[in-house]
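Structure file my_file38.cif (mmCIF, C-alpha atoms and all ligand atoms) follows.
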data_structure
loop_
_atom_site.label_atom_id
_atom_site.label_comp_id
_atom_site.auth_asym_id
_atom_site.auth_seq_id
_atom_site.Cartn_x
_atom_site.Cartn_y
_atom_site.Cartn_z
CA MET A 18 0.00 0.00 0.00
CA THR A 19 2.84 2.36 0.77
CA ASN A 20 4.15 3.21 -2.66
CA HIS A 21 2.05 2.67 -5.78
CA THR A 22 3.11 1.98 -9.36
CA PRO A 23 2.06 5.15 -11.22
CA SER A 24 -0.97 4.68 -13.44
CA PRO A 25 -1.67 7.66 -15.74
CA LEU A 26 -5.28 8.48 -16.59
CA SER A 27 -6.87 11.05 -18.87
CA ALA A 28 -10.28 12.67 -19.13
CA PRO A 29 -11.25 13.58 -22.69
CA PRO A 30 -14.06 16.11 -23.23
CA SER A 31 -17.34 14.40 -22.35
CA GLY A 32 -20.92 14.61 -23.52
CA ALA A 33 -23.70 15.03 -20.96
CA LEU A 34 -23.60 12.94 -17.78
CA ARG A 35 -26.99 11.47 -16.90
CA GLY A 36 -28.28 8.99 -14.34
CA VAL A 37 -28.30 7.94 -10.71
CA PHE A 38 -25.36 6.68 -8.67
CA SER A 39 -24.58 5.61 -5.12
CA PRO A 40 -21.30 7.11 -3.92
CA PRO A 41 -19.10 4.97 -1.65
CA GLY A 42 -19.46 4.93 2.14
CA ASP A 43 -18.38 8.00 4.04
CA LYS A 44 -14.68 7.86 4.87
CA SER A 45 -14.84 9.74 8.18
CA VAL A 46 -17.80 7.70 9.41
CA SER A 47 -16.27 4.39 8.22
CA HIS A 48 -12.99 4.99 10.08
CA ARG A 49 -14.84 5.83 13.27
CA ALA A 50 -17.25 2.88 13.01
CA VAL A 51 -14.30 0.48 12.70
CA MET A 52 -12.33 2.09 15.54
CA PHE A 53 -15.28 2.36 17.94
CA ALA A 54 -16.27 -1.25 17.22
CA ALA A 55 -12.69 -2.35 17.91
CA MET A 56 -12.71 -0.41 21.20
CA ALA A 57 -15.96 -2.10 22.30
CA SER A 58 -16.12 -5.54 23.96
CA GLY A 59 -18.03 -7.79 21.58
CA ARG A 60 -19.29 -8.05 18.05
CA SER A 61 -20.41 -5.12 15.87
CA ASP A 62 -21.91 -5.49 12.41
CA LEU A 63 -20.98 -2.51 10.23
CA THR A 64 -22.53 -1.89 6.82
CA GLY A 65 -22.12 0.65 4.02
CA LEU A 66 -18.43 0.98 4.84
CA LEU A 67 -16.03 2.56 2.40
CA GLU A 68 -13.73 -0.22 1.21
CA GLY A 69 -11.05 2.21 0.08
CA GLU A 70 -7.43 1.75 1.06
CA ASP A 71 -7.68 4.29 3.90
CA VAL A 72 -10.40 2.38 5.74
CA LEU A 73 -8.74 -0.96 4.97
CA ALA A 74 -5.67 0.50 6.69
CA THR A 75 -7.76 1.19 9.80
CA LEU A 76 -9.19 -2.35 9.67
CA LYS A 77 -5.67 -3.81 9.51
CA ALA A 78 -4.49 -1.57 12.32
CA VAL A 79 -7.24 -2.64 14.73
CA GLN A 80 -6.57 -6.25 13.78
CA ALA A 81 -2.93 -5.77 14.73
CA MET A 82 -4.13 -4.52 18.09
CA GLY A 83 -6.26 -7.54 18.81
CA ALA A 84 -9.68 -6.95 17.22
CA GLU A 85 -11.10 -9.58 14.88
CA THR A 86 -12.41 -8.40 11.52
CA GLU A 87 -14.41 -10.38 9.00
CA ARG A 88 -15.83 -9.22 5.67
CA THR A 89 -19.43 -10.40 5.54
CA GLY A 90 -20.53 -8.75 2.27
CA ASP A 91 -20.00 -5.69 0.07
CA GLY A 92 -19.13 -2.89 2.49
CA ALA A 93 -20.19 -5.15 5.38
CA TRP A 94 -17.72 -6.02 8.13
CA ARG A 95 -18.07 -7.78 11.45
CA VAL A 96 -15.62 -6.32 13.96
CA THR A 97 -15.15 -8.04 17.31
CA GLY A 98 -13.41 -5.74 19.75
CA ALA A 99 -11.23 -6.99 22.55
CA PRO A 100 -10.23 -4.09 24.78
CA PRO A 101 -7.74 -3.33 26.14
CA TRP A 102 -5.79 -3.47 22.87
CA ARG A 103 -2.40 -5.10 22.70
CA GLY A 104 0.62 -3.19 21.45
CA PRO A 105 1.84 -4.72 18.19
CA ALA A 106 5.56 -5.48 17.77
CA GLN A 107 5.52 -4.42 14.10
CA ASP A 108 5.03 -0.87 12.81
CA ILE A 109 1.46 -0.12 11.76
CA ASP A 110 1.49 1.19 8.17
CA LEU A 111 -1.49 3.50 7.61
CA GLY A 112 -0.76 4.18 3.95
CA ASN A 113 -2.19 7.57 2.92
CA SER A 114 -4.65 7.95 5.79
CA GLY A 115 -4.30 10.95 8.11
CA THR A 116 -7.57 10.16 9.88
CA SER A 117 -6.29 6.67 10.79
CA ALA A 118 -3.00 8.03 12.11
CA ARG A 119 -4.42 10.83 14.21
CA LEU A 120 -7.51 9.12 15.64
CA LEU A 121 -5.66 5.88 16.36
CA ALA A 122 -2.93 7.84 18.16
CA GLY A 123 -5.59 9.03 20.62
CA ALA A 124 -7.22 5.63 21.00
CA ILE A 125 -3.85 3.88 21.50
CA ALA A 126 -2.80 6.43 24.14
CA GLY A 127 -6.10 5.93 25.98
CA MET A 128 -5.77 2.13 25.87
CA GLY A 129 -2.40 2.43 27.62
CA VAL A 130 -0.51 0.39 25.00
CA GLN A 131 2.51 1.07 22.80
CA ALA A 132 2.55 1.22 18.99
CA ARG A 133 4.60 2.83 16.21
CA LEU A 134 2.64 4.34 13.33
CA THR A 135 3.96 5.04 9.85
CA GLY A 136 2.58 5.70 6.37
CA ASP A 137 3.33 6.47 2.73
CA ASP A 138 5.39 9.42 1.45
CA SER A 139 2.41 11.78 1.59
CA LEU A 140 1.37 10.79 5.13
CA ARG A 141 4.96 10.89 6.40
CA ALA A 142 5.11 14.54 5.29
CA ARG A 143 2.06 15.61 7.35
CA PRO A 144 2.15 17.27 10.80
CA MET A 145 1.62 14.99 13.80
CA GLU A 146 2.67 17.28 16.66
CA ARG A 147 -0.87 18.67 16.57
CA VAL A 148 -2.08 15.40 18.13
CA ALA A 149 1.13 14.46 19.96
CA ALA A 150 1.11 17.71 21.99
CA PRO A 151 -2.31 17.32 23.66
CA LEU A 152 -1.78 13.58 24.23
CA ARG A 153 1.50 14.38 26.02
CA LEU A 154 -0.37 16.86 28.23
CA MET A 155 -2.60 13.93 29.20
CA GLY A 156 0.43 11.89 30.27
CA ALA A 157 1.17 9.73 27.21
CA ALA A 158 4.69 9.60 25.76
CA LEU A 159 4.85 10.32 22.03
CA GLU A 160 7.92 10.56 19.83
CA THR A 161 7.50 11.95 16.35
CA THR A 162 10.14 12.10 13.62
CA ASP A 163 10.71 15.85 13.22
CA GLY A 164 7.03 16.37 14.01
CA ARG A 165 5.90 13.68 11.57
CA LEU A 166 5.52 9.90 11.19
CA PRO A 167 6.95 7.47 12.12
CA MET A 168 5.51 8.21 15.56
CA THR A 169 5.75 6.03 18.64
CA ILE A 170 2.93 6.24 21.15
CA ARG A 171 3.36 4.91 24.67
CA GLY A 172 0.04 5.00 26.42
CA ALA A 173 -0.10 5.31 30.18
CA ARG A 174 -2.58 6.07 32.92
CA LEU A 175 -3.83 9.32 31.38
CA ARG A 176 -5.40 12.29 33.11
CA GLY A 177 -8.16 14.46 31.69
CA VAL A 178 -7.24 17.87 30.24
CA ASP A 179 -9.00 21.02 29.19
CA TYR A 180 -7.49 21.54 25.74
CA GLU A 181 -7.97 24.44 23.34
CA THR A 182 -6.93 23.38 19.85
CA PRO A 183 -5.23 26.10 17.81
CA VAL A 184 -6.83 24.79 14.58
CA ALA A 185 -10.38 23.69 13.83
CA SER A 186 -9.63 20.02 13.20
CA ALA A 187 -11.94 17.07 13.76
CA GLN A 188 -8.89 14.83 13.78
CA ILE A 189 -7.29 16.63 16.74
CA LYS A 190 -10.61 16.91 18.59
CA SER A 191 -11.35 13.21 18.05
CA ALA A 192 -7.87 12.06 19.09
CA VAL A 193 -8.18 13.92 22.41
CA LEU A 194 -11.73 12.66 23.04
CA LEU A 195 -10.78 9.04 22.28
CA ALA A 196 -7.81 9.29 24.65
CA GLY A 197 -10.15 10.90 27.18
CA LEU A 198 -12.37 7.80 27.25
CA GLY A 199 -9.51 6.02 29.01
CA ALA A 200 -8.28 8.93 31.12
CA GLU A 201 -8.94 9.80 34.73
CA GLY A 202 -11.48 12.60 35.13
CA VAL A 203 -12.98 14.82 32.47
CA THR A 204 -11.35 15.60 29.11
CA ARG A 205 -12.55 18.72 27.39
CA VAL A 206 -11.67 20.01 23.89
CA THR A 207 -12.55 23.47 22.60
CA GLU A 208 -11.96 24.37 18.97
CA PRO A 209 -11.77 27.80 17.34
CA ALA A 210 -14.50 26.98 14.76
CA PRO A 211 -16.83 24.01 14.31
CA SER A 212 -15.17 21.03 12.59
CA ARG A 213 -17.02 17.84 11.59
CA ASP A 214 -18.73 16.23 14.60
CA HIS A 215 -18.99 12.55 13.67
CA THR A 216 -17.12 11.41 16.78
CA GLU A 217 -19.57 13.25 19.01
CA ARG A 218 -22.59 11.97 17.05
CA MET A 219 -21.38 8.35 16.74
CA LEU A 220 -19.93 7.58 20.18
CA PRO A 221 -23.41 7.39 21.80
CA ALA A 222 -24.38 4.66 19.30
CA PHE A 223 -21.47 2.64 20.77
CA GLY A 224 -22.55 3.36 24.35
CA GLY A 225 -20.21 6.33 24.84
CA GLU A 226 -21.30 9.51 26.58
CA VAL A 227 -20.19 12.85 25.09
CA ARG A 228 -21.37 16.28 26.17
CA VAL A 229 -21.30 19.12 23.65
CA SER A 230 -21.77 22.79 24.39
CA GLY A 231 -20.98 25.32 21.67
CA LEU A 232 -17.41 24.73 20.50
CA THR A 233 -16.58 22.45 23.45
CA ALA A 234 -16.95 18.67 23.62
CA GLU A 235 -16.16 16.62 26.71
CA VAL A 236 -16.03 13.03 27.88
CA THR A 237 -15.63 11.51 31.32
CA GLY A 238 -12.90 8.88 31.54
CA GLY A 239 -13.29 5.26 32.49
CA GLN A 240 -15.98 4.62 29.85
CA ARG A 241 -16.30 1.28 28.13
CA LEU A 242 -17.83 1.20 24.68
CA SER A 243 -20.39 -1.42 23.74
CA PRO A 244 -20.78 -3.08 20.32
CA ALA A 245 -23.32 -1.73 17.84
CA ASN A 246 -24.71 -2.36 14.40
CA TYR A 247 -23.98 0.73 12.37
CA ALA A 248 -24.75 1.71 8.76
CA ALA A 249 -22.46 4.31 7.14
CA PRO A 250 -24.14 6.69 4.67
CA ALA A 251 -22.54 7.67 1.35
CA ASP A 252 -19.68 10.16 1.33
CA PRO A 253 -20.56 13.74 0.33
CA SER A 254 -16.88 14.39 -0.40
CA SER A 255 -16.91 11.61 -3.01
CA ALA A 256 -20.42 12.43 -4.30
CA ALA A 257 -19.05 15.91 -5.06
CA PHE A 258 -17.06 14.80 -8.11
CA ALA A 259 -19.82 13.46 -10.38
CA LEU A 260 -22.19 16.18 -9.14
CA ALA A 261 -19.59 18.80 -10.10
CA ALA A 262 -19.19 17.18 -13.51
CA ALA A 263 -22.96 17.48 -13.98
CA LEU A 264 -22.98 21.17 -12.99
CA ILE A 265 -20.29 22.11 -15.55
CA THR A 266 -21.00 19.76 -18.47
CA PRO A 267 -23.85 20.92 -20.76
CA GLY A 268 -27.01 18.79 -20.82
CA SER A 269 -26.13 16.86 -17.64
CA ARG A 270 -28.42 15.76 -14.82
CA VAL A 271 -27.10 13.43 -12.11
CA THR A 272 -28.57 12.10 -8.86
CA ALA A 273 -26.43 10.91 -5.92
CA ARG A 274 -28.34 8.65 -3.54
CA GLY A 275 -28.10 8.17 0.23
CA VAL A 276 -25.53 10.90 0.90
CA LEU A 277 -24.51 12.08 4.38
CA LEU A 278 -25.86 15.64 4.77
CA ASN A 279 -24.32 16.58 8.12
CA PRO A 280 -24.29 20.42 8.10
CA ARG A 281 -20.60 20.44 9.03
CA ARG A 282 -19.86 18.58 5.80
CA ALA A 283 -22.32 20.36 3.51
CA GLY A 284 -20.46 23.63 2.89
CA LEU A 285 -19.80 22.74 -0.74
CA PHE A 286 -23.49 22.27 -1.49
CA GLU A 287 -24.34 25.59 0.15
CA ALA A 288 -21.57 27.26 -1.87
CA TRP A 289 -22.85 25.79 -5.13
CA LYS A 290 -26.35 27.07 -4.34
CA ARG A 291 -24.92 30.54 -3.76
CA MET A 292 -23.29 30.26 -7.19
CA GLY A 293 -26.73 29.66 -8.68
CA ALA A 294 -26.35 25.92 -9.20
CA ASP A 295 -29.42 23.87 -10.09
CA LEU A 296 -28.96 21.56 -7.09
CA THR A 297 -31.82 19.88 -5.23
CA ILE A 298 -31.27 18.38 -1.79
CA GLU A 299 -33.86 15.93 -0.45
CA VAL A 300 -33.38 14.68 3.10
CA THR A 301 -34.69 11.11 3.32
CA LYS A 302 -33.55 10.02 6.79
CA ASN A 303 -32.35 11.62 10.01
CA ASP A 304 -31.26 9.21 12.74
CA GLY A 305 -27.91 10.20 14.18
CA GLU A 306 -26.84 11.78 10.88
CA PRO A 307 -29.07 13.43 8.21
CA VAL A 308 -28.96 11.54 4.90
CA GLY A 309 -30.54 12.24 1.51
CA ASP A 310 -30.35 12.53 -2.27
CA LEU A 311 -28.70 15.27 -4.31
CA ILE A 312 -29.73 16.13 -7.85
CA ALA A 313 -27.43 18.37 -9.92
CA ALA A 314 -28.07 19.72 -13.41
CA CYS A 315 -25.82 21.82 -15.65
CA SER A 316 -26.03 25.47 -14.61
CA ASP A 317 -24.71 28.91 -15.47
CA LEU A 318 -22.63 29.59 -12.39
CA ALA A 319 -21.83 32.91 -10.74
CA PRO A 320 -18.46 33.42 -9.02
CA ILE A 321 -18.24 33.03 -5.25
CA HIS A 322 -16.41 34.63 -2.32
CA VAL A 323 -15.74 32.05 0.40
CA ARG A 324 -14.59 33.37 3.79
CA GLU A 325 -12.38 31.70 6.40
CA ASP A 326 -15.20 30.72 8.78
CA GLU A 327 -16.89 28.74 5.99
CA ILE A 328 -13.84 26.59 5.23
CA PRO A 329 -14.12 23.83 7.90
CA ALA A 330 -17.49 22.69 6.45
CA MET A 331 -15.91 22.27 3.00
CA ILE A 332 -12.28 21.58 3.91
CA ASP A 333 -11.93 18.54 1.61
CA GLU A 334 -14.03 20.08 -1.17
CA ILE A 335 -11.99 23.20 -1.99
CA PRO A 336 -10.25 21.56 -4.99
CA ILE A 337 -13.52 20.54 -6.65
CA LEU A 338 -15.21 23.84 -5.69
CA ALA A 339 -12.30 25.72 -7.31
CA VAL A 340 -12.76 23.57 -10.43
CA THR A 341 -16.46 24.52 -10.62
CA ALA A 342 -15.46 28.17 -10.05
CA ALA A 343 -13.32 27.93 -13.22
CA PHE A 344 -16.62 27.41 -15.12
CA ALA A 345 -18.34 30.39 -13.43
CA GLU A 346 -18.59 33.75 -15.17
CA GLY A 347 -16.02 35.95 -13.33
CA GLU A 348 -13.53 35.88 -10.44
CA SER A 349 -14.00 33.73 -7.33
CA ARG A 350 -12.03 34.22 -4.11
CA PHE A 351 -11.30 31.73 -1.32
CA GLU A 352 -9.85 32.85 2.03
CA GLY A 353 -8.55 31.07 5.13
CA LEU A 354 -7.00 28.14 3.25
CA ALA A 355 -3.91 27.61 5.48
CA GLU A 356 -4.98 24.04 6.38
CA LEU A 357 -5.02 23.10 2.69
CA ARG A 358 -1.24 23.23 2.70
CA VAL A 359 -1.02 20.24 5.08
CA LYS A 360 -3.53 17.85 3.51
CA GLU A 361 -2.58 14.81 1.35
CA SER A 362 -0.59 17.37 -0.67
CA ASP A 363 -0.16 21.15 -0.53
CA ARG A 364 -3.63 21.51 -2.05
CA LEU A 365 -3.43 25.27 -2.43
CA THR A 366 -0.47 24.98 -4.79
CA ALA A 367 -1.84 21.80 -6.39
CA VAL A 368 -5.25 23.24 -7.24
CA SER A 369 -3.75 26.46 -8.58
CA ASP A 370 -1.32 24.47 -10.75
CA LEU A 371 -4.01 22.18 -12.14
CA LEU A 372 -6.22 25.15 -13.06
CA ARG A 373 -3.31 26.92 -14.74
CA ALA A 374 -2.47 23.75 -16.67
CA ALA A 375 -6.04 23.95 -18.01
CA GLY A 376 -5.60 27.58 -19.10
CA VAL A 377 -7.44 29.14 -16.14
CA GLU A 378 -5.79 32.13 -14.45
CA THR A 379 -5.30 31.96 -10.69
CA GLU A 380 -3.55 33.95 -8.00
CA THR A 381 -2.48 32.58 -4.63
CA GLY A 382 -1.21 33.96 -1.34
CA GLU A 383 -0.14 32.16 1.82
CA ASP A 384 -3.76 31.23 2.58
CA TRP A 385 -5.93 32.47 -0.29
CA LEU A 386 -6.76 31.68 -3.89
CA THR A 387 -8.52 33.51 -6.70
CA VAL A 388 -9.84 31.79 -9.81
CA ALA A 389 -10.68 33.70 -12.99
CA GLY A 390 -13.76 31.79 -14.14
CA ARG A 391 -14.30 31.40 -17.88
CA GLY A 392 -17.96 30.36 -18.01
CA THR A 393 -19.59 27.12 -19.23
CA GLY A 394 -17.66 25.80 -22.23
CA GLY A 395 -14.93 28.40 -21.66
CA VAL A 396 -12.18 26.25 -20.10
CA THR A 397 -9.59 25.16 -22.65
CA GLY A 398 -7.93 22.22 -20.87
CA GLY A 399 -5.42 20.30 -22.92
CA GLY A 400 -2.88 20.10 -20.08
CA ALA A 401 -1.51 17.60 -17.63
CA ALA A 402 -1.32 17.91 -13.84
CA ALA A 403 0.66 16.06 -11.20
CA ALA A 404 -1.60 14.23 -8.80
CA ARG A 405 1.02 14.61 -6.00
CA GLY A 406 -0.13 11.48 -4.18
CA ASP A 407 -3.47 13.19 -3.54
CA HIS A 408 -6.74 11.46 -4.46
CA ARG A 409 -8.80 14.64 -4.42
CA ILE A 410 -6.38 16.51 -6.69
CA ALA A 411 -6.42 13.56 -9.11
CA MET A 412 -10.23 13.39 -9.22
CA SER A 413 -10.65 17.19 -9.44
CA THR A 414 -8.29 17.36 -12.44
CA LEU A 415 -10.16 14.60 -14.25
CA ILE A 416 -13.56 16.24 -13.65
CA LEU A 417 -12.21 19.49 -15.04
CA GLY A 418 -10.95 17.58 -18.07
CA LEU A 419 -14.38 16.10 -18.82
CA ALA A 420 -15.96 19.57 -18.98
CA SER A 421 -13.08 21.27 -20.84
CA ARG A 422 -12.60 21.67 -24.59
CA LYS A 423 -9.42 19.55 -24.86
CA GLY A 424 -9.48 17.25 -21.82
CA MET A 425 -6.92 16.82 -19.02
CA ALA A 426 -4.49 14.13 -17.93
CA ILE A 427 -2.89 13.13 -14.64
CA ASP A 428 0.38 11.27 -14.12
CA ASP A 429 -0.99 8.88 -11.53
CA ALA A 430 -4.52 7.84 -10.61
CA SER A 431 -3.63 4.96 -8.30
CA MET A 432 -4.30 6.84 -5.07
CA ILE A 433 -7.94 7.46 -6.04
CA ALA A 434 -8.45 3.99 -4.52
CA THR A 435 -7.80 5.43 -1.06
CA SER A 436 -11.26 7.02 -0.95
CA TYR A 437 -13.16 6.11 -4.12
CA PRO A 438 -12.21 2.79 -5.77
CA ALA A 439 -15.26 2.89 -8.11
CA PHE A 440 -14.68 6.47 -9.31
CA GLN A 441 -13.97 5.51 -12.91
CA ALA A 442 -16.79 2.93 -13.02
CA ASP A 443 -19.34 5.35 -11.55
CA LEU A 444 -18.42 8.06 -14.08
CA ALA A 445 -18.59 5.54 -16.93
CA ALA A 446 -22.09 4.48 -15.85
CA LEU A 447 -23.13 8.15 -15.96
CA GLY A 448 -21.74 8.47 -19.52
CA ALA A 449 -18.27 9.94 -18.92
CA ALA A 450 -15.37 7.75 -20.06
CA LEU A 451 -11.90 8.17 -18.56
CA GLU A 452 -9.04 6.69 -20.59
CA THR A 453 -5.74 5.05 -19.84
CA PRO A 454 -3.31 6.78 -22.21
C1 LIG A 501 -11.38 14.23 8.86
C2 LIG A 501 -11.17 15.53 9.21
C3 LIG A 501 -10.62 16.54 8.30
C4 LIG A 501 -10.61 16.07 6.85
C5 LIG A 501 -10.21 14.64 6.70
C6 LIG A 501 -11.10 13.72 7.52
C7 LIG A 501 -11.95 13.31 9.88
O1 LIG A 501 -9.30 16.82 8.70
O2 LIG A 501 -9.79 16.89 6.05
O3 LIG A 501 -10.26 14.23 5.34
O4 LIG A 501 -12.43 12.22 9.51
O5 LIG A 501 -11.94 13.67 11.06
P1 LIG A 501 -9.01 17.92 9.84
O6 LIG A 501 -10.02 17.71 10.87
O7 LIG A 501 -7.63 17.70 10.34
O8 LIG A 501 -9.16 19.25 9.11
#

Starting from the file, give its structure as structure tokens.
Ligand code: S3P
Amino acid sequence: MTNHTPSPLSAPPSGALRGVFSPPGDKSVSHRAVMFAAMASGRSDLTGLLEGEDVLATLKAVQAMGAETERTGDGAWRVTGAPPWRGPAQDIDLGNSGTSARLLAGAIAGMGVQARLTGDDSLRARPMERVAAPLRLMGAALETTDGRLPMTIRGARLRGVDYETPVASAQIKSAVLLAGLGAEGVTRVTEPAPSRDHTERMLPAFGGEVRVSGLTAEVTGGQRLSPANYAAPADPSSAAFALAAALITPGSRVTARGVLLNPRRAGLFEAWKRMGADLTIEVTKNDGEPVGDLIAACSDLAPIHVREDEIPAMIDEIPILAVTAAFAEGESRFEGLAELRVKESDRLTAVSDLLRAAGVETETGEDWLTVAGRGTGGVTGGGAAAARGDHRIAMSTLILGLASRKGMAIDDASMIATSYPAFQADLAALGAALETP
């Protein structure tokens, strides 16, 4: 999993995309379902899971720490937890997955065991002190490699802390809360802006008690989780790609079914609406997490100004939002993008470079981006972009290619399998063919 053989892929200009598709299971929810089940004593049946490499990395990691995992069907896994975990002798390789590394660091610290986490080139370049620091305050010993992976975690008898995170990050918040489940006393995390709240919403389903007040979440230590049957909804971050293709490719109309509509994940859809997108959202279910269908049709888009406080609710969607902005009539501006620089790649540079390779003018600063939109049918394309080990940059480039006049190519599509193994198949079923050059 650690280093892929490059597999180039190109997106020629496409005709209309039409039809209905079911995006893969939500990545954030799938990771948490597997981890919480592994932390619980007994058998959980999980369905709708994303079977991308990132979640498979989490499944392997919990196996290494003593949980049993069994695939019982498509996206269906039985996980039998056996807390307390055991510390594996071998390094745990988490591939490309930042969520696995950061959340597991918290869970491992709280279980009081020792493990060494590592990952692929992209993951080994990402900051880990942001979780190591609060876990140390709780009494765990963590050693990073210049602030990054490989990272050794030595759990201990932890004590609760009152921690203010400097960045709005669900990964930091979740790591501290998971460690707090095993700590003495109360653990409290306050963030500067609301990040995704799946940990807080899902822990109660596994018998955990979390109290939330404004920007603060807290748990009392000494809690034991219980097994649960949990169904993961489809991933809005993955649904975004074919929906974007529909918005910018003339004649298109596409429906994504069963998508997670948690408000802290729905910033992209709100942004598209502000741009004048023909996007219909129908909530079909609301137990624990709101879920529904999204219908997108090709639209004349207006440019958008996105401000810093809006970013956490669309943190993973900026690349595909910037691609749709390239098809709007006029200049869009995005502010407060500092966190984009420490994702699977430096996404601020990557998205600017991919747009420029397609003939779209951009400007960037330390934490902002402008995109000079060229209107429907106005993007030339014809270029190639480096995927930089980043699934969302790869998929965003290909979607732009489909709607451009000359298409786009990427040097390596292999990492798309981390979050969306059926990406190419789903697009093909909607009428858009990607090609291996
Ligand atoms: C995630 C949180 C986000 C997001 C990532 C998944 C999670 O990261 O970018 O893809 O599942 O908690 P941050 O919370 O660090 O911004």

Next item on the list: Check the smallest atom-to-atom distance from each of A:Pro438, A:Leu451, A:His408, A:Gly112 to Gly424 of chain A using all atoms listed in the file, then report the winner.
Entry: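 Of all the options, A:Leu451 lies closest to Gly424 of chain A.
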
Margin query: Give me, as a list of chain:residue names, the set of residues whose atoms come within 8 Å of any atom of ligand LIG 501 (chain A), counting all atoms listed in the file.
Written below: A:Lys44, A:Ser45, A:Val46, A:His48, A:Arg49, A:Gly115, A:Thr116, A:Leu120, A:Ala185, A:Ser186, A:Ala187, A:Gln188, A:Ile189, A:Lys190, A:Ser191, A:Ser212, A:Arg213, A:His215, A:Pro329, A:Ile332, A:Asp333, A:Glu356, A:Lys360

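What separates atom CA of Ala81 of chain A from atom CA of Met56 of chain A is a distance of 12.9 Å.
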
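The interatomic distance for the pair atom CA of Ser39 of chain A and atom CA of Asp363 of chain A works out to 29.3 Å.
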
Within 6 Å of segment 386-393 of chain A using only C-alpha atoms, minus same-chain residues under 5 positions, as a PDB file with C-alpha atoms, in the frame of the given file:
ATOM      1  CA  ALA A 342     -15.460  28.170 -10.050  1.00  0.00           C
ATOM      2  CA  ALA A 343     -13.320  27.930 -13.220  1.00  0.00           C
ATOM      3  CA  PHE A 344     -16.620  27.410 -15.120  1.00  0.00           C
ATOM      4  CA  ALA A 345     -18.340  30.390 -13.430  1.00  0.00           C
ATOM      5  CA  GLU A 346     -18.590  33.750 -15.170  1.00  0.00           C
ATOM      6  CA  GLY A 347     -16.020  35.950 -13.330  1.00  0.00           C
ATOM      7  CA  GLU A 348     -13.530  35.880 -10.440  1.00  0.00           C
ATOM      8  CA  SER A 349     -14.000  33.730  -7.330  1.00  0.00           C
ATOM      9  CA  ARG A 350     -12.030  34.220  -4.110  1.00  0.00           C
ATOM     10  CA  PHE A 351     -11.300  31.730  -1.320  1.00  0.00           C
ATOM     11  CA  GLU A 378      -5.790  32.130 -14.450  1.00  0.00           C
ATOM     12  CA  THR A 379      -5.300  31.960 -10.690  1.00  0.00           C
ATOM     13  CA  GLU A 380      -3.550  33.950  -8.000  1.00  0.00           C
ATOM     14  CA  THR A 381      -2.480  32.580  -4.630  1.00  0.00           C
TER      15      THR A 381
END

Check: Which one is closest to Gly398 of chain A: A:Thr233, A:Leu419, A:Leu447, A:Glu383? Count all atoms listed in the file.
Finding: A:Leu419

Got a minute to add N, CA, C and O atoms to segment 83-91 of chain A and dump it as a PDB file, in the frame of the given file?
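Result went into part39.pdb, see below:
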ATOM      1  N   GLY A  83      -5.526  -6.498  18.119  1.00  0.00           N
ATOM      2  CA  GLY A  83      -6.260  -7.540  18.810  1.00  0.00           C
ATOM      3  C   GLY A  83      -7.727  -7.688  18.451  1.00  0.00           C
ATOM      4  O   GLY A  83      -8.387  -8.611  18.912  1.00  0.00           O
ATOM      5  N   ALA A  84      -8.282  -6.780  17.610  1.00  0.00           N
ATOM      6  CA  ALA A  84      -9.680  -6.950  17.220  1.00  0.00           C
ATOM      7  C   ALA A  84      -9.762  -7.984  16.094  1.00  0.00           C
ATOM      8  O   ALA A  84      -8.814  -8.156  15.332  1.00  0.00           O
ATOM      9  N   GLU A  85     -10.890  -8.665  16.019  1.00  0.00           N
ATOM     10  CA  GLU A  85     -11.100  -9.580  14.880  1.00  0.00           C
ATOM     11  C   GLU A  85     -11.951  -8.877  13.849  1.00  0.00           C
ATOM     12  O   GLU A  85     -12.932  -8.207  14.212  1.00  0.00           O
ATOM     13  N   THR A  86     -11.600  -9.036  12.565  1.00  0.00           N
ATOM     14  CA  THR A  86     -12.410  -8.400  11.520  1.00  0.00           C
ATOM     15  C   THR A  86     -12.740  -9.444  10.468  1.00  0.00           C
ATOM     16  O   THR A  86     -11.909 -10.266  10.118  1.00  0.00           O
ATOM     17  N   GLU A  87     -13.977  -9.410  10.005  1.00  0.00           N
ATOM     18  CA  GLU A  87     -14.410 -10.380   9.000  1.00  0.00           C
ATOM     19  C   GLU A  87     -15.300  -9.672   7.996  1.00  0.00           C
ATOM     20  O   GLU A  87     -16.254  -8.976   8.381  1.00  0.00           O
ATOM     21  N   ARG A  88     -14.990  -9.831   6.696  1.00  0.00           N
ATOM     22  CA  ARG A  88     -15.830  -9.220   5.670  1.00  0.00           C
ATOM     23  C   ARG A  88     -17.041 -10.115   5.442  1.00  0.00           C
ATOM     24  O   ARG A  88     -16.883 -11.296   5.113  1.00  0.00           O
ATOM     25  N   THR A  89     -18.236  -9.567   5.643  1.00  0.00           N
ATOM     26  CA  THR A  89     -19.430 -10.400   5.540  1.00  0.00           C
ATOM     27  C   THR A  89     -20.258 -10.079   4.294  1.00  0.00           C
ATOM     28  O   THR A  89     -21.289 -10.683   4.050  1.00  0.00           O
ATOM     29  N   GLY A  90     -19.822  -9.115   3.496  1.00  0.00           N
ATOM     30  CA  GLY A  90     -20.530  -8.750   2.270  1.00  0.00           C
ATOM     31  C   GLY A  90     -19.912  -7.482   1.719  1.00  0.00           C
ATOM     32  O   GLY A  90     -18.933  -6.979   2.272  1.00  0.00           O
ATOM     33  N   ASP A  91     -20.507  -6.936   0.632  1.00  0.00           N
ATOM     34  CA  ASP A  91     -20.000  -5.690   0.070  1.00  0.00           C
ATOM     35  C   ASP A  91     -20.158  -4.570   1.096  1.00  0.00           C
ATOM     36  O   ASP A  91     -21.285  -4.258   1.496  1.00  0.00           O
TER      37      ASP A  91
END
